[in-house]
file final.txt (compact mmCIF, C-alpha atoms and all ligand atoms)
# COMPACT_ATOMS: atom_id res chain seq x y z
CA MET A 1 0.00 0.00 0.00
CA ARG A 2 1.29 3.46 -0.87
CA ALA A 3 2.79 5.22 2.21
CA MET A 4 1.07 8.45 1.12
CA ASN A 5 -2.36 6.84 1.47
CA LEU A 6 -1.46 5.35 4.86
CA GLU A 7 -0.45 8.77 6.16
CA SER A 8 -3.60 10.39 4.80
CA ILE A 9 -5.74 7.71 6.44
CA ALA A 10 -3.82 8.02 9.72
CA ALA A 11 -4.34 11.81 9.64
CA ILE A 12 -8.12 11.32 9.32
CA VAL A 13 -8.09 8.81 12.20
CA ARG A 14 -6.21 11.26 14.44
CA GLU A 15 -8.89 13.93 13.88
CA ALA A 16 -11.87 11.55 13.99
CA ARG A 17 -14.39 11.58 16.84
CA ASP A 18 -16.29 8.47 15.66
CA ILE A 19 -14.48 5.56 14.01
CA VAL A 20 -16.22 2.47 12.64
CA VAL A 21 -14.63 -0.80 11.54
CA PHE A 22 -17.08 -2.87 9.47
CA SER A 23 -15.86 -6.46 8.99
CA GLY A 24 -16.68 -9.53 6.96
CA ALA A 25 -15.41 -13.09 6.58
CA GLY A 26 -12.17 -11.98 4.92
CA LEU A 27 -10.94 -10.66 8.27
CA SER A 28 -11.07 -14.18 9.74
CA ALA A 29 -9.47 -15.79 6.67
CA ASP A 30 -6.02 -15.45 8.28
CA SER A 31 -7.36 -17.45 11.26
CA GLY A 32 -8.08 -20.36 8.92
CA ILE A 33 -11.85 -19.79 8.79
CA PRO A 34 -13.01 -20.11 5.16
CA THR A 35 -14.82 -17.16 3.64
CA PHE A 36 -18.17 -17.71 1.94
CA ARG A 37 -17.52 -16.76 -1.67
CA ASP A 38 -13.78 -16.87 -2.26
CA GLY A 39 -12.86 -19.26 -5.05
CA ALA A 40 -12.73 -23.01 -4.43
CA THR A 41 -12.49 -22.66 -0.64
CA GLY A 42 -15.62 -20.49 -0.33
CA LEU A 43 -18.13 -22.21 1.94
CA TRP A 44 -21.02 -21.50 -0.43
CA ASN A 45 -19.08 -23.02 -3.31
CA ASN A 46 -19.08 -26.34 -1.50
CA VAL A 47 -22.49 -26.52 0.16
CA ASN A 48 -25.92 -25.05 -0.57
CA PRO A 49 -26.65 -22.26 1.95
CA ASP A 50 -30.39 -22.85 1.51
CA GLU A 51 -29.93 -26.33 2.97
CA VAL A 52 -27.51 -25.58 5.81
CA ALA A 53 -27.91 -21.88 6.67
CA SER A 54 -31.49 -20.80 5.91
CA ILE A 55 -34.56 -20.65 8.12
CA GLU A 56 -36.47 -22.84 5.64
CA GLY A 57 -33.68 -25.40 5.79
CA PHE A 58 -33.74 -25.33 9.60
CA LEU A 59 -37.51 -25.81 9.85
CA ARG A 60 -37.37 -28.53 7.18
CA ASN A 61 -34.45 -30.46 8.68
CA PRO A 62 -33.15 -29.05 11.99
CA PRO A 63 -30.36 -31.65 12.48
CA ARG A 64 -28.84 -30.83 9.05
CA VAL A 65 -28.49 -27.13 9.85
CA TRP A 66 -27.49 -27.82 13.45
CA ASN A 67 -24.75 -30.28 12.42
CA TRP A 68 -23.33 -28.00 9.72
CA LEU A 69 -23.17 -25.09 12.18
CA LEU A 70 -21.68 -27.40 14.83
CA GLN A 71 -18.82 -28.24 12.45
CA LEU A 72 -18.25 -24.54 11.76
CA LYS A 73 -18.33 -23.81 15.50
CA ALA A 74 -15.80 -26.58 16.20
CA LEU A 75 -13.42 -24.96 13.66
CA ILE A 76 -13.99 -21.48 15.15
CA ASP A 77 -13.39 -22.81 18.68
CA ASP A 78 -10.21 -24.50 17.47
CA ARG A 79 -8.78 -21.31 15.87
CA ARG A 80 -8.19 -17.85 17.31
CA PRO A 81 -8.26 -14.18 16.41
CA ASN A 82 -5.44 -13.23 14.00
CA ALA A 83 -3.12 -10.23 13.71
CA GLY A 84 -5.88 -8.28 11.97
CA HIS A 85 -8.31 -8.71 14.90
CA LEU A 86 -5.53 -7.89 17.37
CA ALA A 87 -4.55 -4.76 15.43
CA ILE A 88 -8.17 -3.56 15.38
CA ALA A 89 -8.30 -4.07 19.16
CA ARG A 90 -4.97 -2.16 19.40
CA LEU A 91 -6.48 0.62 17.27
CA GLU A 92 -9.23 1.02 19.87
CA GLN A 93 -6.58 1.45 22.59
CA ILE A 94 -4.54 3.92 20.50
CA CYS A 95 -7.73 5.90 19.84
CA ALA A 96 -8.80 6.00 23.50
CA GLY A 97 -10.95 9.10 23.97
CA GLN A 98 -12.35 8.67 20.47
CA ARG A 99 -15.26 6.30 19.88
CA LEU A 100 -14.38 3.13 17.96
CA THR A 101 -17.23 0.76 17.10
CA VAL A 102 -16.82 -2.59 15.42
CA ILE A 103 -19.78 -3.65 13.29
CA THR A 104 -19.28 -7.21 12.16
CA GLN A 105 -21.11 -9.59 9.85
CA ASN A 106 -19.02 -12.40 11.34
CA ILE A 107 -20.46 -14.82 13.89
CA ASP A 108 -17.12 -16.09 15.27
CA GLY A 109 -16.81 -13.74 18.24
CA TYR A 110 -13.16 -13.02 17.38
CA HIS A 111 -13.37 -9.23 17.77
CA ALA A 112 -14.44 -9.51 21.42
CA ARG A 113 -11.85 -12.25 22.03
CA ALA A 114 -9.19 -9.92 20.57
CA GLY A 115 -10.25 -7.19 23.04
CA ASN A 116 -12.61 -4.77 21.28
CA ALA A 117 -15.20 -3.40 23.72
CA GLU A 118 -17.97 -2.18 21.39
CA VAL A 119 -18.88 -4.92 18.90
CA LEU A 120 -22.22 -4.98 17.07
CA GLU A 121 -22.79 -8.49 15.69
CA VAL A 122 -25.41 -7.74 13.05
CA HIS A 123 -25.59 -11.43 12.02
CA GLY A 124 -25.56 -12.73 15.61
CA THR A 125 -23.15 -15.22 17.10
CA ILE A 126 -22.45 -18.95 16.82
CA HIS A 127 -21.61 -19.08 20.54
CA ARG A 128 -25.17 -18.63 21.84
CA LEU A 129 -28.45 -20.55 21.49
CA ARG A 130 -31.95 -19.10 21.74
CA CYS A 131 -35.58 -20.15 21.55
CA HIS A 132 -36.80 -19.91 17.96
CA ARG A 133 -39.88 -18.06 19.22
CA TYR A 134 -37.78 -15.54 21.22
CA CYS A 135 -39.61 -16.63 24.43
CA GLY A 136 -36.56 -15.51 26.40
CA PHE A 137 -34.61 -18.76 26.65
CA VAL A 138 -30.92 -18.29 25.78
CA ALA A 139 -27.89 -20.44 26.58
CA ASN A 140 -24.22 -20.67 25.69
CA TRP A 141 -23.62 -23.18 22.91
CA ASP A 142 -20.99 -25.42 24.42
CA GLN A 143 -20.00 -28.62 22.64
CA GLY A 144 -22.34 -30.54 24.92
CA SER A 145 -25.41 -29.49 22.93
CA SER A 146 -24.74 -31.70 19.94
CA ASN A 147 -28.38 -32.18 18.91
CA PRO A 148 -31.30 -29.82 18.36
CA PHE A 149 -33.61 -29.72 21.35
CA ALA A 150 -36.90 -28.21 22.42
CA CYS A 151 -36.97 -24.98 24.40
CA PRO A 152 -37.26 -25.95 28.08
CA ALA A 153 -39.45 -22.88 28.66
CA CYS A 154 -41.99 -23.18 25.83
CA GLY A 155 -41.25 -26.32 23.80
CA SER A 156 -40.34 -24.48 20.55
CA PRO A 157 -37.15 -25.44 18.69
CA VAL A 158 -33.88 -24.07 20.12
CA ARG A 159 -31.39 -22.82 17.49
CA PRO A 160 -28.11 -20.91 17.28
CA ASP A 161 -28.59 -17.17 17.92
CA LEU A 162 -27.40 -16.12 14.47
CA VAL A 163 -29.24 -14.75 11.43
CA LEU A 164 -30.11 -17.51 8.97
CA PHE A 165 -30.86 -16.66 5.35
CA GLY A 166 -34.47 -15.53 5.07
CA GLU A 167 -34.53 -14.04 8.58
CA MET A 168 -34.67 -10.44 9.74
CA LEU A 169 -31.72 -8.95 11.61
CA ASP A 170 -32.09 -8.00 15.26
CA ASP A 171 -33.76 -4.57 15.16
CA GLU A 172 -31.95 -3.12 18.15
CA VAL A 173 -28.50 -4.22 16.99
CA PHE A 174 -28.99 -3.10 13.40
CA SER A 175 -30.42 0.33 14.29
CA ALA A 176 -27.42 0.88 16.58
CA ALA A 177 -25.19 -0.08 13.64
CA GLU A 178 -27.04 2.37 11.38
CA THR A 179 -26.66 5.20 13.89
CA ARG A 180 -22.92 4.57 14.36
CA SER A 181 -22.45 4.37 10.58
CA MET A 182 -24.23 7.69 10.01
CA ASN A 183 -22.14 9.37 12.71
CA ALA A 184 -18.81 7.94 11.56
CA ASP A 185 -15.98 10.32 10.58
CA ILE A 186 -14.08 7.41 9.12
CA PHE A 187 -15.58 4.05 8.15
CA PHE A 188 -13.24 1.11 7.49
CA CYS A 189 -14.68 -1.80 5.47
CA VAL A 190 -12.54 -4.90 5.79
CA GLY A 191 -12.92 -8.38 4.31
CA THR A 192 -16.40 -8.17 2.84
CA SER A 193 -17.80 -8.62 -0.65
CA PHE A 194 -20.85 -6.42 0.14
CA THR A 195 -23.11 -9.18 -1.12
CA VAL A 196 -25.71 -9.44 1.63
CA GLN A 197 -28.27 -6.77 2.54
CA PRO A 198 -29.11 -4.95 4.71
CA ALA A 199 -25.57 -4.99 6.20
CA ALA A 200 -24.01 -4.11 2.84
CA ARG A 201 -25.73 -0.72 2.80
CA LEU A 202 -24.06 0.52 6.01
CA PRO A 203 -20.87 1.74 4.26
CA VAL A 204 -22.89 3.53 1.60
CA TRP A 205 -24.96 5.32 4.25
CA ALA A 206 -21.79 6.22 6.13
CA LYS A 207 -20.23 7.67 2.98
CA TYR A 208 -23.27 9.75 2.11
CA ALA A 209 -23.50 10.98 5.70
CA GLY A 210 -19.96 12.34 5.36
CA ALA A 211 -17.58 9.58 6.45
CA ALA A 212 -14.24 8.95 4.78
CA LEU A 213 -14.70 5.43 3.37
CA VAL A 214 -11.69 3.08 3.45
CA GLU A 215 -11.96 -0.37 1.87
CA ILE A 216 -9.38 -3.04 2.73
CA ASN A 217 -9.57 -6.05 0.44
CA PRO A 218 -7.04 -7.88 -1.76
CA HIS A 219 -9.64 -7.70 -4.53
CA PRO A 220 -11.86 -4.89 -5.87
CA THR A 221 -15.54 -5.01 -4.89
CA SER A 222 -18.72 -3.14 -5.80
CA LEU A 223 -17.71 -0.54 -3.19
CA THR A 224 -14.32 0.23 -4.73
CA GLU A 225 -15.71 2.99 -6.97
CA VAL A 226 -17.36 4.73 -4.01
CA ALA A 227 -14.52 4.37 -1.49
CA ASP A 228 -12.23 7.32 -0.75
CA TYR A 229 -9.38 4.83 -0.30
CA SER A 230 -9.43 1.29 -1.66
CA VAL A 231 -6.46 -0.58 -0.22
CA ARG A 232 -5.42 -3.76 -2.04
CA SER A 233 -4.14 -5.47 1.07
CA GLY A 234 -4.96 -8.16 3.61
CA ALA A 235 -6.59 -7.07 6.84
CA SER A 236 -3.69 -8.06 9.11
CA GLU A 237 -1.12 -6.19 7.00
CA PHE A 238 -3.16 -2.98 6.75
CA PHE A 239 -4.31 -2.61 10.37
CA SER A 240 -0.87 -3.53 11.73
CA ALA A 241 0.66 -0.85 9.47
CA LEU A 242 -1.97 1.72 10.51
CA CYS A 243 -1.37 1.08 14.23
CA ALA A 244 2.41 1.39 13.73
CA ARG A 245 1.92 4.70 11.88
CA LEU A 246 -0.37 6.09 14.59
CA GLU A 247 2.08 5.04 17.28
CA GLY A 248 4.79 6.96 15.43
CA LYS A 249 6.82 3.88 14.53
N1 LIG B 1 -8.10 -9.57 4.15
C1 LIG B 1 -9.14 -8.79 3.71
N2 LIG B 1 -10.10 -9.24 2.87
C2 LIG B 1 -10.02 -10.53 2.47
C3 LIG B 1 -8.98 -11.41 2.89
C4 LIG B 1 -7.99 -10.86 3.77
N3 LIG B 1 -6.95 -11.63 4.22
N4 LIG B 1 -9.19 -12.63 2.33
C5 LIG B 1 -10.31 -12.52 1.59
N5 LIG B 1 -10.81 -11.26 1.65
C6 LIG B 1 -12.02 -10.70 1.03
C7 LIG B 1 -12.43 -11.34 -0.27
O1 LIG B 1 -11.80 -10.71 -1.38
C8 LIG B 1 -13.95 -11.09 -0.28
O2 LIG B 1 -14.25 -9.85 -0.93
O3 LIG B 1 -13.09 -10.96 1.93
C9 LIG B 1 -14.31 -10.98 1.19
C10 LIG B 1 -15.15 -12.15 1.71
O4 LIG B 1 -16.41 -12.09 1.08
P1 LIG B 1 -17.54 -13.16 1.49
O5 LIG B 1 -16.96 -14.53 1.49
O6 LIG B 1 -18.74 -12.86 0.61
O7 LIG B 1 -17.90 -12.84 3.00
P2 LIG B 1 -18.82 -11.66 3.56
O8 LIG B 1 -18.75 -10.45 2.71
O9 LIG B 1 -18.49 -11.51 5.00
O10 LIG B 1 -20.31 -12.30 3.45
C11 LIG B 1 -21.37 -11.52 3.97
O11 LIG B 1 -22.87 -13.39 3.60
O12 LIG B 1 -22.99 -15.67 3.73
C12 LIG B 1 -23.43 -14.49 4.31
O13 LIG B 1 -24.03 -14.09 6.56
C13 LIG B 1 -22.94 -14.42 5.74
O14 LIG B 1 -21.96 -12.58 6.94
C14 LIG B 1 -21.93 -13.29 5.72
C15 LIG B 1 -22.41 -12.44 4.56
call {"tool": "encode", "arguments": {"input": "final.txt", "output": "structure tokens", "more": "lines below"}}
Ligand code: APR
result
Amino acid sequence: MRAMNLESIAAIVREARDIVVFSGAGLSADSGIPTFRDGATGLWNNVNPDEVASIEGFLRNPPRVWNWLLQLKALIDDRRPNAGHLAIARLEQICAGQRLTVITQNIDGYHARAGNAEVLEVHGTIHRLRCHRYCGFVANWDQGSSNPFACPACGSPVRPDLVLFGEMLDDEVFSAAETRSMNADIFFCVGTSFTVQPAARLPVWAKYAGAALVEINPHPTSLTEVADYSVRSGASEFFSALCARLEGK
């Protein structure tokens, strides 16, 4: 990445009051978690999301969805946040006194594990279970729960507390994400193909509300034309370089 761009971006961060980091599966690629649409390794290039990650698929065949998500959870539990997650957590410390919000499409929980305090998980989390009817039952998803079961409170199906295809996002979480996006002075988009709505519209709203839009992705995306800076880089490399620049190294 050109040093000139890094310095310009660092200068905007120094002056920013509200900073947002918006992340997708590409951020966790360096942890060994496959992305969804990248070439041969993309999860959706090897399995049909309608069967293993949609609400219709879950209601049709709960064990199939449950078992596919259990495999993904086992991989996530086996890996850990990478240098990109750690650098984003470091960025929050460097920018103490400014407001840094992470808005993630990822369900792996790696931002919180890396140390970020304000994380909005707009697609939920694979680490928690809830009653399908939102009756109030929630539980951690430890490896013990290896089969779907009925809600102990109301008898409805229990399922992972993440957004399956065909479902609405959590209103409260997404409106908080919208507000932070509209208030952002700088909005980093890292590791996402901007394929899935409504999350994919957050960077556009941020841009039109006045944020400097920075895209970090080894490949161009549909946002590249709109971004103020489009950095052809991996997440770990960029955020580590940005932290070093802000720390005067
Ligand atoms: N650093 C930064 N970006 C990367 C890296 C990396 N090391 N490796 C890959 N990428 C980029 C790819 O170029 C691609 O643009 O990450 C992006 C991953 O895109 P997707 O696989 O489509 O993942 P994402 O955008 O997060 O998908 C959005 O779709 O399947 C649903 O709910 C799921 O949250 C997910 C949503």
call {"tool": "residues_near_ligand", "arguments": {"input": "final.txt", "ligand": "ligand LIG 1 (chain B)", "cutoff": "9 Å", "atoms": "all atoms listed in the file", "output": "PyMOL selection string"}}
result
chain A and resi 23-30+34-38+42-44+49+53+84+104-107+122-123+162-165+190-197+199-200+216-221+232-238
call {"tool": "axis_aligned_box", "arguments": {"input": "final.txt", "around": "stretch 244-249 of chain A", "padding_each_side": "4 Å", "output": "AutoDock Vina command-line options"}}
result
--center_x 3.2 --center_y 4.2 --center_z 14.6 --size_x 15.2 --size_y 13.6 --size_z 13.4
call {"tool": "atom_distance", "arguments": {"input": "final.txt", "atom1": "atom CA of A:Ile76", "atom2": "atom CA of A:Val20"}}
result
24.2 Å
call {"tool": "residues_near_point", "arguments": {"input": "final.txt", "point": "(-26.7, 3.2, 10.9)", "cutoff": "10 Å", "atoms": "all atoms listed in the file", "output": "list of chain:residue names"}}
result
A:Val173, A:Phe174, A:Ser175, A:Ala176, A:Ala177, A:Glu178, A:Thr179, A:Arg180, A:Ser181, A:Met182, A:Asn183, A:Ala184, A:Ala199, A:Arg201, A:Leu202, A:Pro203, A:Trp205, A:Ala206, A:Ala209
call {"tool": "write_last_selection", "arguments": {"input": "final.txt", "atoms": "C-alpha atoms", "output": "tab-separated table (two decimals), in the frame of the given file"}}
result
chain	number	residue	atom	x	y	z
A	173	VAL	CA	-28.50	-4.22	16.99
A	174	PHE	CA	-28.99	-3.10	13.40
A	175	SER	CA	-30.42	0.33	14.29
A	176	ALA	CA	-27.42	0.88	16.58
A	177	ALA	CA	-25.19	-0.08	13.64
A	178	GLU	CA	-27.04	2.37	11.38
A	179	THR	CA	-26.66	5.20	13.89
A	180	ARG	CA	-22.92	4.57	14.36
A	181	SER	CA	-22.45	4.37	10.58
A	182	MET	CA	-24.23	7.69	10.01
A	183	ASN	CA	-22.14	9.37	12.71
A	184	ALA	CA	-18.81	7.94	11.56
A	199	ALA	CA	-25.57	-4.99	6.20
A	201	ARG	CA	-25.73	-0.72	2.80
A	202	LEU	CA	-24.06	0.52	6.01
A	203	PRO	CA	-20.87	1.74	4.26
A	205	TRP	CA	-24.96	5.32	4.25
A	206	ALA	CA	-21.79	6.22	6.13
A	209	ALA	CA	-23.50	10.98	5.70
call {"tool": "atom_distance", "arguments": {"input": "final.txt", "atom1": "atom CA of A:Cys135", "atom2": "atom CA of A:Pro157"}}
result
10.8 Å
call {"tool": "residues_around", "arguments": {"input": "final.txt", "residues": "A:Trp66", "least_positions_apart": "6", "cutoff": "9 Å", "atoms": "only C-alpha atoms", "output": "PyMOL selection string"}}
result
chain A and resi 52+58+146-148+159-160
call {"tool": "write_last_selection", "arguments": {"input": "final.txt", "atoms": "C-alpha atoms", "output": "mmCIF file, keeping the file's coordinate frame"}}
result
data_model
loop_
_atom_site.group_PDB
_atom_site.id
_atom_site.type_symbol
_atom_site.label_atom_id
_atom_site.label_comp_id
_atom_site.auth_asym_id
_atom_site.auth_seq_id
_atom_site.Cartn_x
_atom_site.Cartn_y
_atom_site.Cartn_z
ATOM 1 C CA VAL A 52 -27.510 -25.580 5.810
ATOM 2 C CA PHE A 58 -33.740 -25.330 9.600
ATOM 3 C CA SER A 146 -24.740 -31.700 19.940
ATOM 4 C CA ASN A 147 -28.380 -32.180 18.910
ATOM 5 C CA PRO A 148 -31.300 -29.820 18.360
ATOM 6 C CA ARG A 159 -31.390 -22.820 17.490
ATOM 7 C CA PRO A 160 -28.110 -20.910 17.280
#
call {"tool": "atom_distance", "arguments": {"input": "final.txt", "atom1": "atom CA of A:Gln71", "atom2": "atom CA of A:Cys154"}}
result
27.2 Å
call {"tool": "closest_residue", "arguments": {"input": "final.txt", "among": "A:Glu15, A:Glu215, A:Glu7, A:Asp161", "to": "A:Asp228", "atoms": "all atoms listed in the file"}}
result
A:Glu215
call {"tool": "residues_around", "arguments": {"input": "final.txt", "residues": "A:Arg14", "least_positions_apart": "3", "cutoff": "12 Å", "atoms": "all atoms listed in the file", "output": "ChimeraX atom specification"}}
result
/A:7-11,17-19,91-92,94-99,185-186,242-243,245-248
